[in-house]
Amino acid sequence: MAETAVGATGVLGQAEITHRRVLNIAIPIVISNATVPILGAVDTGVVGQMGLAAPIGAVGIGAIIISSLYWFFGFLRMGTTGLTSQALGAGRQGEVVAILSRTVLAGAVGGLLILLLQAPLFWAAFRLSPASPEVEEMARAYLGIRVWSAPAAISIYGATGWLIAQERTRGVLVLQLWMNGLNIVLDLWFVLGLGWGVEGVAFATFLAEWTGLALALWLCRDAFRTPAWRDVARVFDAERLMRMLTVNADIMIRSALLMSVFVSFLFVGARFGDATLAANQVLLQFIEITAYALDGFAFAVETLVGQAIGAASVARLRRSVWIATLWSLAGTLVLTVVFFAAGPAIVDLMAKAPEVQAEARAYLPWMVAVPLLGIASWILDGIFIGATRTADMRNMAAVSTAIYALAAVLMVPAWGNHGLWAAFLISFVARGVTLALRYPALERATAAGAL
């Protein structure tokens, strides 16, 4: 008897793909993303009340180091969404449940590796980002606490991807609100109430992440009512494990390539002086805002495309892509208008130094173009993640990175920071165009049931 995956609205792989369904997936993710910068502001704000610069720098550096280590395992979220949604579309409920066990175990192993290797990892991080002895001492104290929640933090990536694949993004929103809300309350209590300083911020996050994992597993509790989650033969099936490893390795390489573009952008921009470097940092926030706003539709298309491919339905694939793209385009147009009308005010809010404001305003037109030039790359990322066509993602990321490097070599000497911004946005266009060229092959593979 075929296995069936039943959701709140019936068999997900067979339910009608509508605008309402896309929005039900996307909107909770958009709201969830909006809470992320609030937590960072509170972390900085509470230690700022101590009246010293060192604690602020320590929390900033410590958070960047630990977040970068966690980011390395971020592929678990994307890979899990694609694999789970395809299993749902194919009606293989036992595999859906087994994927949850695999991804949570993988997160736990990843966290344990960070715990075991924390000494050399932190040593290397501080060599790359040297700080004053006072700041480094405080940052090490912060990291010495935060690192013990690594297994929880990384496992949450997998559980989140599993929930997204089942269109349970309201659960993801609840999880994010719980973790960030608890973190903020504990920040205020530990730092302002008990005077624990930097260690208080770290303890707050430590508790938020472990309780967050408990909540994530509770949200996935339906899986633990079936025997498949503890079916050792199924969970550790060699073919499935290799498939998971391949998908996640491709995504990791792709993400590393994209990160190299961002890092080189910052490094090259630093050559133009402190004001230009600061202006570039401010303007990058516009890209972050765009990504957060459009992520919801990318997540929706990941889920629906994966289900369509699992069901080997080209018609469902096309409709999923069409509706998600329409809403993504609507969001893009809204962001373009907002950036055009309110861009100068946003710049002035984020930067108070007159020279930084002037520099940022000079390059603001590039930000107005970001949503329009980047939309194809973001939505196609979601399509290819859902399809687990991760080799294409890896290869096209390599091509777009090479195109960016060539554009930067040609344009930066001639046009300075404007040339750098042009090369940066060309990388988005290149990624969108190259992935679009691979889309017909995705449809053919879907029709043949070869994915």
# chains A, B, ... in the order shown; residues from 1 in each chain; ligands from 1
>>> closest_atom_pairs(of="segment 70-168 of chain A", to="segment 384-399 of chain A", cutoff="12 Å", atoms="only C-alpha atoms", output="CSV")
residue,atom,partner,partner_atom,distance
A:Phe75,CA,A:Ile385,CA,10.2
A:Leu76,CA,A:Ile385,CA,11.5
A:Arg77,CA,A:Ile385,CA,10.2
A:Met78,CA,A:Ile385,CA,6.5
A:Gly79,CA,A:Ile385,CA,7.0
A:Thr80,CA,A:Gly386,CA,9.3
A:Thr81,CA,A:Gly386,CA,6.8
A:Gly82,CA,A:Gly386,CA,4.1
A:Leu83,CA,A:Thr388,CA,6.9
A:Thr84,CA,A:Gly386,CA,9.0
A:Ser85,CA,A:Gly386,CA,7.1
A:Gln86,CA,A:Gly386,CA,7.6
A:Ala87,CA,A:Gly386,CA,11.0
A:Leu88,CA,A:Gly386,CA,11.7
A:Gly89,CA,A:Gly386,CA,11.1
A:Gly161,CA,A:Gly386,CA,11.0
A:Ile164,CA,A:Gly386,CA,11.0
A:Ala165,CA,A:Gly386,CA,8.8
>>> write_last_selection(atoms="C-alpha atoms", output="PDB file, in the first residue's frame")
ATOM      1  CA  PHE A  75      22.693  23.855   4.138  1.00  0.00           C
ATOM      2  CA  LEU A  76      20.695  21.549   6.434  1.00  0.00           C
ATOM      3  CA  ARG A  77      17.693  23.868   6.206  1.00  0.00           C
ATOM      4  CA  MET A  78      17.660  24.048   2.410  1.00  0.00           C
ATOM      5  CA  GLY A  79      18.553  20.436   1.730  1.00  0.00           C
ATOM      6  CA  THR A  80      15.947  19.179   4.193  1.00  0.00           C
ATOM      7  CA  THR A  81      13.193  21.285   2.630  1.00  0.00           C
ATOM      8  CA  GLY A  82      13.909  19.940  -0.851  1.00  0.00           C
ATOM      9  CA  LEU A  83      14.220  16.293   0.123  1.00  0.00           C
ATOM     10  CA  THR A  84      11.196  16.347   2.445  1.00  0.00           C
ATOM     11  CA  SER A  85       8.889  18.122   0.008  1.00  0.00           C
ATOM     12  CA  GLN A  86       9.769  15.618  -2.719  1.00  0.00           C
ATOM     13  CA  ALA A  87       9.039  12.703  -0.387  1.00  0.00           C
ATOM     14  CA  LEU A  88       5.700  14.333   0.441  1.00  0.00           C
ATOM     15  CA  GLY A  89       4.855  14.764  -3.229  1.00  0.00           C
ATOM     16  CA  GLY A 161      13.476  22.935   6.873  1.00  0.00           C
ATOM     17  CA  ILE A 164       8.699  24.436   5.842  1.00  0.00           C
ATOM     18  CA  ALA A 165       8.465  21.457   3.493  1.00  0.00           C
TER      19      ALA A 165
END
>>> select_by_dssp(residues="segment 131-326 of chain A", states="alpha helix (DSSP H)", output="ChimeraX atom specification")
/A:133-146,150-165,169-187,197-219,232-235,238-269,274-310,314-326
>>> residues_around(residues="Ala360 of chain A", least_positions_apart="2", cutoff="9 Å", atoms="only C-alpha atoms", output="short mmCIF file (atom, residue, chain, number, x, y, z; two decimals) with N, CA and C atoms, in the first residue's frame")
data_model
loop_
_atom_site.label_atom_id
_atom_site.label_comp_id
_atom_site.auth_asym_id
_atom_site.auth_seq_id
_atom_site.Cartn_x
_atom_site.Cartn_y
_atom_site.Cartn_z
N ALA A 275 34.95 56.19 4.61
CA ALA A 275 33.59 56.67 4.34
C ALA A 275 32.89 55.79 3.32
N THR A 276 33.61 55.39 2.27
CA THR A 276 33.03 54.53 1.25
C THR A 276 32.74 53.14 1.80
N ALA A 278 32.06 52.39 4.90
CA ALA A 278 30.88 52.51 5.77
C ALA A 278 29.61 52.65 4.94
N ALA A 279 29.69 53.41 3.85
CA ALA A 279 28.52 53.59 2.98
C ALA A 279 28.11 52.26 2.36
N ASN A 280 29.09 51.48 1.92
CA ASN A 280 28.78 50.16 1.36
C ASN A 280 28.11 49.26 2.39
N VAL A 282 26.27 50.23 4.90
CA VAL A 282 24.90 50.71 5.08
C VAL A 282 24.02 50.22 3.94
N LEU A 283 24.51 50.33 2.71
CA LEU A 283 23.71 49.98 1.55
C LEU A 283 23.48 48.47 1.44
N PRO A 344 16.84 57.80 0.78
CA PRO A 344 17.66 58.78 1.50
C PRO A 344 17.35 58.84 3.00
N VAL A 347 18.91 55.81 4.69
CA VAL A 347 20.36 56.02 4.82
C VAL A 347 20.66 56.93 6.00
N ALA A 351 22.96 55.91 9.27
CA ALA A 351 24.29 56.53 9.38
C ALA A 351 24.15 57.99 9.76
N GLU A 355 29.64 62.53 6.10
CA GLU A 355 30.40 62.03 4.96
C GLU A 355 29.92 60.66 4.52
N VAL A 356 29.47 59.83 5.47
CA VAL A 356 28.94 58.51 5.14
C VAL A 356 27.58 58.66 4.45
N GLN A 357 26.76 59.57 4.96
CA GLN A 357 25.46 59.83 4.33
C GLN A 357 25.63 60.27 2.88
N ALA A 358 26.59 61.16 2.65
CA ALA A 358 26.82 61.67 1.30
C ALA A 358 27.28 60.55 0.37
N ALA A 362 25.23 58.75 -2.91
CA ALA A 362 25.81 58.71 -4.25
C ALA A 362 25.61 57.36 -4.92
N TYR A 363 25.58 56.31 -4.10
CA TYR A 363 25.43 54.96 -4.65
C TYR A 363 24.03 54.39 -4.47
N LEU A 364 23.11 55.20 -3.97
CA LEU A 364 21.75 54.72 -3.69
C LEU A 364 21.02 54.20 -4.92
#
>>> residues_around(residues="segment 217-222 of chain A", least_positions_apart="4", cutoff="10 Å", atoms="only C-alpha atoms", output="list of chain:residue names")
A:Val97, A:Leu100, A:Val104, A:Ser155, A:Ile156, A:Ala159, A:Thr160, A:Trp162, A:Leu163, A:Arg168, A:Gly171, A:Val172, A:Val174, A:Leu175, A:Thr211, A:Gly212, A:Leu213, A:Thr226
>>> write_last_selection(atoms="C-alpha atoms", output="mmCIF file, in the first residue's frame")
data_model
loop_
_atom_site.group_PDB
_atom_site.id
_atom_site.type_symbol
_atom_site.label_atom_id
_atom_site.label_comp_id
_atom_site.auth_asym_id
_atom_site.auth_seq_id
_atom_site.Cartn_x
_atom_site.Cartn_y
_atom_site.Cartn_z
ATOM 1 C CA VAL A 97 9.686 10.968 8.991
ATOM 2 C CA LEU A 100 13.573 14.408 10.222
ATOM 3 C CA VAL A 104 18.325 16.363 13.538
ATOM 4 C CA SER A 155 19.614 20.849 14.703
ATOM 5 C CA ILE A 156 17.012 23.622 14.551
ATOM 6 C CA ALA A 159 13.765 20.848 11.930
ATOM 7 C CA THR A 160 12.883 24.225 10.403
ATOM 8 C CA TRP A 162 11.277 19.921 7.635
ATOM 9 C CA LEU A 163 8.428 22.129 8.867
ATOM 10 C CA ARG A 168 3.866 24.550 8.497
ATOM 11 C CA GLY A 171 5.044 26.786 13.372
ATOM 12 C CA VAL A 172 8.327 28.273 12.152
ATOM 13 C CA VAL A 174 6.021 30.502 16.547
ATOM 14 C CA LEU A 175 9.481 28.988 16.959
ATOM 15 C CA THR A 211 14.387 25.559 24.559
ATOM 16 C CA GLY A 212 13.978 26.380 20.855
ATOM 17 C CA LEU A 213 15.095 22.870 19.931
ATOM 18 C CA THR A 226 5.022 6.701 13.813
#
>>> residues_around(residues="Leu121 of chain A", least_positions_apart="4", cutoff="12 Å", atoms="only C-alpha atoms", output="PyMOL selection string")
chain A and resi 65-66+68-69+113-117+125-128+140+143-144+147
>>> write_last_selection(atoms="N, CA and C atoms", output="PDB file, in the first residue's frame")
ATOM      1  N   ILE A  65      31.486  35.419  15.077  1.00  0.00           N
ATOM      2  CA  ILE A  65      32.267  34.173  15.018  1.00  0.00           C
ATOM      3  C   ILE A  65      31.362  32.949  15.126  1.00  0.00           C
ATOM      4  N   ILE A  66      30.493  32.931  16.136  1.00  0.00           N
ATOM      5  CA  ILE A  66      29.661  31.748  16.334  1.00  0.00           C
ATOM      6  C   ILE A  66      28.624  31.607  15.221  1.00  0.00           C
ATOM      7  N   SER A  68      29.029  32.563  12.140  1.00  0.00           N
ATOM      8  CA  SER A  68      29.730  32.085  10.944  1.00  0.00           C
ATOM      9  C   SER A  68      29.926  30.571  10.999  1.00  0.00           C
ATOM     10  N   LEU A  69      30.228  30.055  12.194  1.00  0.00           N
ATOM     11  CA  LEU A  69      30.383  28.604  12.344  1.00  0.00           C
ATOM     12  C   LEU A  69      29.049  27.895  12.106  1.00  0.00           C
ATOM     13  N   LEU A 113      30.900  18.510  16.753  1.00  0.00           N
ATOM     14  CA  LEU A 113      32.179  18.801  16.110  1.00  0.00           C
ATOM     15  C   LEU A 113      32.683  20.191  16.490  1.00  0.00           C
ATOM     16  N   ILE A 114      31.766  21.162  16.513  1.00  0.00           N
ATOM     17  CA  ILE A 114      32.159  22.515  16.919  1.00  0.00           C
ATOM     18  C   ILE A 114      32.621  22.520  18.367  1.00  0.00           C
ATOM     19  N   LEU A 115      31.911  21.777  19.225  1.00  0.00           N
ATOM     20  CA  LEU A 115      32.324  21.695  20.631  1.00  0.00           C
ATOM     21  C   LEU A 115      33.730  21.106  20.760  1.00  0.00           C
ATOM     22  N   LEU A 116      34.000  20.043  20.036  1.00  0.00           N
ATOM     23  CA  LEU A 116      35.300  19.382  20.126  1.00  0.00           C
ATOM     24  C   LEU A 116      36.430  20.236  19.560  1.00  0.00           C
ATOM     25  N   LEU A 117      36.110  21.017  18.525  1.00  0.00           N
ATOM     26  CA  LEU A 117      37.140  21.800  17.834  1.00  0.00           C
ATOM     27  C   LEU A 117      37.116  23.279  18.234  1.00  0.00           C
ATOM     28  N   ALA A 125      39.760  32.232  14.465  1.00  0.00           N
ATOM     29  CA  ALA A 125      38.852  33.362  14.274  1.00  0.00           C
ATOM     30  C   ALA A 125      39.449  34.652  14.809  1.00  0.00           C
ATOM     31  N   PHE A 126      40.069  34.599  15.973  1.00  0.00           N
ATOM     32  CA  PHE A 126      40.656  35.810  16.558  1.00  0.00           C
ATOM     33  C   PHE A 126      41.928  36.231  15.829  1.00  0.00           C
ATOM     34  N   ARG A 127      42.587  35.294  15.151  1.00  0.00           N
ATOM     35  CA  ARG A 127      43.741  35.694  14.341  1.00  0.00           C
ATOM     36  C   ARG A 127      43.279  36.438  13.086  1.00  0.00           C
ATOM     37  N   LEU A 128      42.130  36.019  12.548  1.00  0.00           N
ATOM     38  CA  LEU A 128      41.587  36.687  11.367  1.00  0.00           C
ATOM     39  C   LEU A 128      40.944  38.023  11.720  1.00  0.00           C
ATOM     40  N   ARG A 140      35.769  35.813  24.302  1.00  0.00           N
ATOM     41  CA  ARG A 140      36.023  34.401  24.605  1.00  0.00           C
ATOM     42  C   ARG A 140      35.085  33.898  25.700  1.00  0.00           C
ATOM     43  N   LEU A 143      31.786  33.354  23.925  1.00  0.00           N
ATOM     44  CA  LEU A 143      31.815  32.152  23.097  1.00  0.00           C
ATOM     45  C   LEU A 143      31.872  30.884  23.939  1.00  0.00           C
ATOM     46  N   GLY A 144      32.547  30.952  25.081  1.00  0.00           N
ATOM     47  CA  GLY A 144      32.650  29.785  25.953  1.00  0.00           C
ATOM     48  C   GLY A 144      31.311  29.313  26.473  1.00  0.00           C
ATOM     49  N   VAL A 147      28.878  28.347  22.769  1.00  0.00           N
ATOM     50  CA  VAL A 147      29.243  27.159  22.008  1.00  0.00           C
ATOM     51  C   VAL A 147      28.543  25.908  22.506  1.00  0.00           C
TER      52      VAL A 147
END
>>> closest_atom_pairs(of="segment 247-337 of chain A", to="segment 427-446 of chain A", cutoff="8 Å", atoms="only C-alpha atoms", output="CSV")
residue,atom,partner,partner_atom,distance
A:Ile309,CA,A:Thr446,CA,5.6
A:Ala312,CA,A:Thr446,CA,5.2
A:Ser313,CA,A:Thr446,CA,6.7
A:Val314,CA,A:Thr446,CA,6.2
A:Leu317,CA,A:Glu443,CA,7.9
>>> write_last_selection(atoms="C-alpha atoms", output="PDB file, in the first residue's frame")
ATOM      1  CA  ILE A 309       8.611  16.917  -8.569  1.00  0.00           C
ATOM      2  CA  ALA A 312       6.320  13.903 -11.277  1.00  0.00           C
ATOM      3  CA  SER A 313       3.838  16.607 -12.323  1.00  0.00           C
ATOM      4  CA  VAL A 314       5.083  19.258 -14.751  1.00  0.00           C
ATOM      5  CA  LEU A 317       5.599  22.507 -11.163  1.00  0.00           C
TER       6      LEU A 317
END
